[in-house]
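Heads up, model-v1.cif below (mmCIF, C-alpha atoms):
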data_final
#
loop_
_atom_site.label_atom_id
_atom_site.label_comp_id
_atom_site.auth_asym_id
_atom_site.auth_seq_id
_atom_site.Cartn_x
_atom_site.Cartn_y
_atom_site.Cartn_z
CA MET M 28 11.83 85.82 -2.03
CA GLU M 29 8.61 86.88 -0.30
CA THR M 30 5.11 86.35 -1.63
CA VAL M 31 2.57 89.16 -1.46
CA TYR M 32 -0.65 89.88 -3.33
CA PHE M 33 -1.88 92.79 -5.40
CA SER M 34 -5.68 92.74 -5.66
CA GLY M 35 -5.56 89.00 -4.99
CA ASN M 36 -2.89 88.26 -7.60
CA GLU M 37 0.35 86.69 -6.38
CA CYS M 38 3.52 88.79 -6.67
CA HIS M 39 7.05 88.27 -5.39
CA THR M 40 9.87 90.33 -3.99
CA GLY M 41 13.50 90.02 -5.00
CA GLY M 42 14.69 88.93 -1.58
CA ASN M 43 13.74 88.60 2.05
CA LEU M 44 13.05 91.27 4.60
CA PRO M 45 15.43 91.48 7.55
CA LYS M 46 14.34 89.57 10.64
CA VAL M 47 13.66 90.96 14.09
CA GLY M 48 16.99 91.05 15.93
CA ASP M 49 19.09 91.47 12.77
CA LYS M 50 21.43 94.41 12.39
CA ALA M 51 19.61 96.72 9.99
CA PRO M 52 21.36 97.18 6.65
CA ASP M 53 22.57 100.71 6.04
CA PHE M 54 20.87 102.54 3.21
CA LYS M 55 21.06 105.69 1.15
CA LEU M 56 17.80 107.40 0.27
CA VAL M 57 17.07 110.83 -1.22
CA THR M 58 14.99 113.60 0.38
CA PRO M 59 12.98 116.20 -1.59
CA GLU M 60 15.94 118.57 -1.17
CA LEU M 61 18.06 115.97 -3.02
CA LYS M 62 20.07 115.23 0.13
CA ASP M 63 21.17 111.70 0.84
CA VAL M 64 20.09 110.22 4.15
CA SER M 65 21.29 106.98 5.64
CA LEU M 66 20.78 104.97 8.79
CA GLU M 67 23.82 106.78 10.17
CA THR M 68 22.03 110.12 9.61
CA PHE M 69 19.55 109.10 12.33
CA LYS M 70 22.00 107.53 14.77
CA GLY M 71 20.58 107.58 18.31
CA LYS M 72 16.98 107.61 17.08
CA ARG M 73 14.46 104.92 16.35
CA VAL M 74 13.78 104.74 12.63
CA VAL M 75 10.43 103.72 11.18
CA LEU M 76 10.66 102.71 7.53
CA ASN M 77 7.16 103.10 6.11
CA ILE M 78 7.72 101.43 2.72
CA PHE M 79 5.12 101.46 -0.05
CA PRO M 80 4.68 101.45 -3.85
CA SER M 81 3.66 105.08 -4.58
CA LEU M 82 2.07 108.13 -3.01
CA ASP M 83 -0.19 108.25 -6.07
CA THR M 84 -2.42 105.59 -4.50
CA PRO M 85 -4.99 106.21 -1.75
CA VAL M 86 -3.67 103.47 0.56
CA CYS M 87 -0.07 104.71 0.40
CA ALA M 88 -1.17 108.29 0.99
CA ALA M 89 -3.30 107.21 3.95
CA GLY M 90 -0.31 105.43 5.49
CA VAL M 91 1.87 108.53 5.26
CA ARG M 92 -0.87 110.63 6.85
CA ARG M 93 -1.38 108.13 9.66
CA PHE M 94 2.31 107.85 10.53
CA ASN M 95 2.61 111.64 10.42
CA GLN M 96 -0.23 111.86 12.94
CA GLU M 97 0.82 109.11 15.34
CA ALA M 98 4.31 107.66 15.25
CA SER M 99 6.18 110.86 14.61
CA SER M 100 4.97 112.35 17.91
CA LEU M 101 7.01 109.76 19.81
CA ALA M 102 10.32 110.84 21.34
CA ASP M 103 13.57 109.99 19.55
CA THR M 104 11.71 108.58 16.56
CA VAL M 105 11.94 109.49 12.88
CA VAL M 106 9.55 108.20 10.22
CA LEU M 107 10.91 107.76 6.71
CA CYS M 108 8.25 107.29 4.05
CA VAL M 109 10.06 105.26 1.41
CA SER M 110 8.95 104.66 -2.16
CA MET M 111 10.33 104.81 -5.68
CA ASP M 112 8.46 108.11 -6.20
CA LEU M 113 10.69 110.93 -7.31
CA PRO M 114 11.78 113.00 -4.32
CA PHE M 115 10.13 116.13 -5.79
CA ALA M 116 6.74 114.44 -6.02
CA ALA M 117 6.97 113.06 -2.49
CA GLY M 118 7.93 116.48 -1.19
CA ARG M 119 5.02 118.15 -3.01
CA PHE M 120 2.60 115.59 -1.57
CA CYS M 121 3.78 116.16 1.99
CA GLU M 122 3.76 119.93 1.57
CA ALA M 123 0.26 119.97 0.05
CA GLU M 124 -1.01 117.75 2.87
CA GLY M 125 0.74 119.76 5.60
CA LEU M 126 2.74 116.69 6.67
CA ARG M 127 5.82 117.98 8.47
CA ASP M 128 6.53 115.13 10.89
CA VAL M 129 7.57 112.48 8.37
CA ILE M 130 10.47 112.50 5.95
CA PRO M 131 9.76 111.52 2.35
CA ALA M 132 12.69 109.38 1.20
CA SER M 133 13.00 108.16 -2.35
CA ALA M 134 14.73 104.91 -3.28
CA PHE M 135 14.72 105.83 -6.97
CA ARG M 136 18.51 105.79 -7.20
CA SER M 137 19.15 103.20 -4.49
CA PRO M 138 18.83 99.70 -5.87
CA ALA M 139 20.79 98.54 -2.80
CA PHE M 140 17.93 99.59 -0.48
CA ALA M 141 15.38 97.48 -2.36
CA LYS M 142 17.78 94.54 -2.46
CA ASP M 143 19.10 94.75 1.11
CA TYR M 144 15.63 95.14 2.58
CA GLY M 145 14.03 92.61 0.20
CA VAL M 146 11.18 94.91 -0.77
CA GLN M 147 11.36 95.31 -4.56
CA LEU M 148 8.55 93.68 -6.47
CA VAL M 149 9.99 91.56 -9.29
CA ASP M 150 6.77 90.54 -11.01
CA GLY M 151 3.11 91.48 -11.27
CA PRO M 152 1.65 94.83 -12.31
CA LEU M 153 3.79 96.79 -9.83
CA ALA M 154 7.11 95.15 -10.78
CA GLY M 155 9.98 97.53 -10.12
CA LEU M 156 8.20 99.35 -7.30
CA LEU M 157 8.50 98.59 -3.59
CA THR M 158 6.04 96.39 -1.74
CA ARG M 159 4.21 97.61 1.36
CA ALA M 160 6.07 97.00 4.62
CA VAL M 161 6.90 98.65 7.92
CA ILE M 162 10.28 98.08 9.55
CA ILE M 163 11.25 99.58 12.89
CA ILE M 164 14.93 99.94 13.74
CA ASP M 165 15.95 100.68 17.33
CA LYS M 166 18.53 103.22 18.51
CA ASP M 167 21.25 100.53 18.33
CA GLY M 168 20.56 99.75 14.67
CA LYS M 169 18.73 96.46 15.32
CA VAL M 170 15.49 95.52 13.62
CA ARG M 171 12.73 95.53 16.25
CA TYR M 172 9.62 95.04 14.10
CA VAL M 173 8.78 93.84 10.58
CA ASP M 174 5.36 93.94 8.96
CA LEU M 175 5.24 92.71 5.38
CA VAL M 176 1.68 93.53 4.33
CA ASP M 177 0.38 90.44 2.53
CA GLU M 178 -2.12 92.29 0.35
CA ILE M 179 -0.50 95.42 -1.08
CA THR M 180 -3.88 97.17 -1.34
CA HIS M 181 -4.29 96.98 2.47
CA GLU M 182 -2.82 99.34 5.05
CA PRO M 183 -0.12 98.16 7.48
CA ARG M 184 -0.86 97.12 11.06
CA TYR M 185 -0.39 100.56 12.60
CA ASP M 186 -1.44 99.51 16.11
CA GLU M 187 1.21 96.77 16.25
CA ALA M 188 3.93 99.13 15.04
CA LEU M 189 2.88 101.87 17.46
CA ASP M 190 2.82 99.37 20.30
CA VAL M 191 6.46 98.47 19.57
CA LEU M 192 7.36 102.16 19.57
CA GLN M 193 5.60 102.78 22.88
CA HIS M 194 7.45 100.01 24.75
#
So, in terms of structure tokens, how does the structure I just supplied come out?
Amino acid sequence: METVYFSGNECHTGGNLPKVGDKAPDFKLVTPELKDVSLETFKGKRVVLNIFPSLDTPVCAAGVRRFNQEASSLADTVVLCVSMDLPFAAGRFCEAEGLRDVIPASAFRSPAFAKDYGVQLVDGPLAGLLTRAVIIIDKDGKVRYVDLVDEITHEPRYDEALDVLQH
């Protein structure tokens, strides 16, 4: 169980995030085209999991825009923007914003993702949604970076994540 905060109020996740050096758990997420994607889908690439509660919030939307602008321009890297949002809504958001370099990936029918990555909020006002975190998985399927954002209303540490991707 991890402790995070939503507007200063303590919340908890239903598990622990993987640690740097761990083999990343496989997952199954859903794209706006209703296609399943997994870690295996992106074999040979670095995978950035930009995890957040919902695109219907300004901070989550800003994170998707920022990763679209920066991380996705890196070679052999794919950015999955993961939330419990329905895949249709995530796709509409990205299309309306002109975001073509990230992949919206819904965990709405993947309780295993939330459990295996330890990111589902189990209490507080956002219970049932995912907390805000960034996890980078290298080409060999190992976790290279983990940023659990302590205050859900804050953006992740983009510069740290980008630094990992650039080295």
* **Ala188 of chain M environment, 9 Å, all atoms listed in the file, sequence neighbours closer than 3 positions dropped, as a PyMOL selection string** => chain M and resi 75+98+161-163+172-174+183-185+191-193
* To do: Calculate how many Å separate atom CA of Ser34 of chain M from atom CA of Val170 of chain M, rounding to one decimal.
  =>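 Answer for the atom CA of Ser34 of chain M to atom CA of Val170 of chain M separation: 28.8 Å.
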* To do: Run the PyMOL selection byres ((chain M and resi 143-149) around 10) against the file shown and list the residues it catches, as an MDAnalysis selection string.
  => chainID M and resid 28:31 38:46 51:54 78:80 110:111 138:142 150:160 162 175
* Residue contacts of Phe69 of chain M (9 Å, only C-alpha atoms) excluding same-chain residues fewer than 3 positions away, as a ChimeraX atom specification -> /M:64-66,72-74,104-105,166
* **atom CA of Phe33 of chain M to atom CA of Glu122 of chain M, straight-line distance in Å** =>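 Separating atom CA of Glu122 of chain M from atom CA of Phe33 of chain M is a distance of 28.6 Å.
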* Kindly resolve the PyMOL selection byres ((chain M and resi 50) around 6) on the present coordinates and return the residues as a VMD selection string. => chain M and resid 49 51 168 to 169
* To do: Work out how far apart atom CA of Glu60 of chain M and atom CA of Arg93 of chain M are and give it in Å to one decimal.
  =>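 Computing the Euclidean distance for atom CA of Glu60 of chain M and atom CA of Arg93 of chain M yields 22.9 Å.
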* **Counting only C-alpha atoms, the option among M:Gly48, M:Ile179, M:Glu187, M:Phe120 closest to Asp165 of chain M** =>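 When distances to Asp165 of chain M are compared using only C-alpha atoms, the smallest one comes from M:Gly48.
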* To do: Rank nothing, just name the residue among M:Asp177, M:Glu182, M:Asp83, M:Glu37 nearest to Asp112 of chain M, using all atoms listed in the file.
  =>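 Smallest separation from Asp112 of chain M among the options: M:Asp83.
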* Find the residue from M:Cys108, M:Ala102, M:Cys87, M:Leu61 that sits nearest to Val176 of chain M; use all atoms listed in the file when measuring. =>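 Distance minimum relative to Val176 of chain M lands on M:Cys87.
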* **Proximity to His181 of chain M - best of M:Leu76, M:Ala132, M:Ala89, M:Leu126, all atoms listed in the file** =>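 Selected residue with least distance to His181 of chain M: M:Ala89.
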* Measuring atom to atom with only C-alpha atoms, identify which of M:Glu178, M:Asp186, M:Asp63, M:Glu97 is nearest to Asp128 of chain M. =>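 Checking each candidate against Asp128 of chain M, we get M:Glu97 as the closest.
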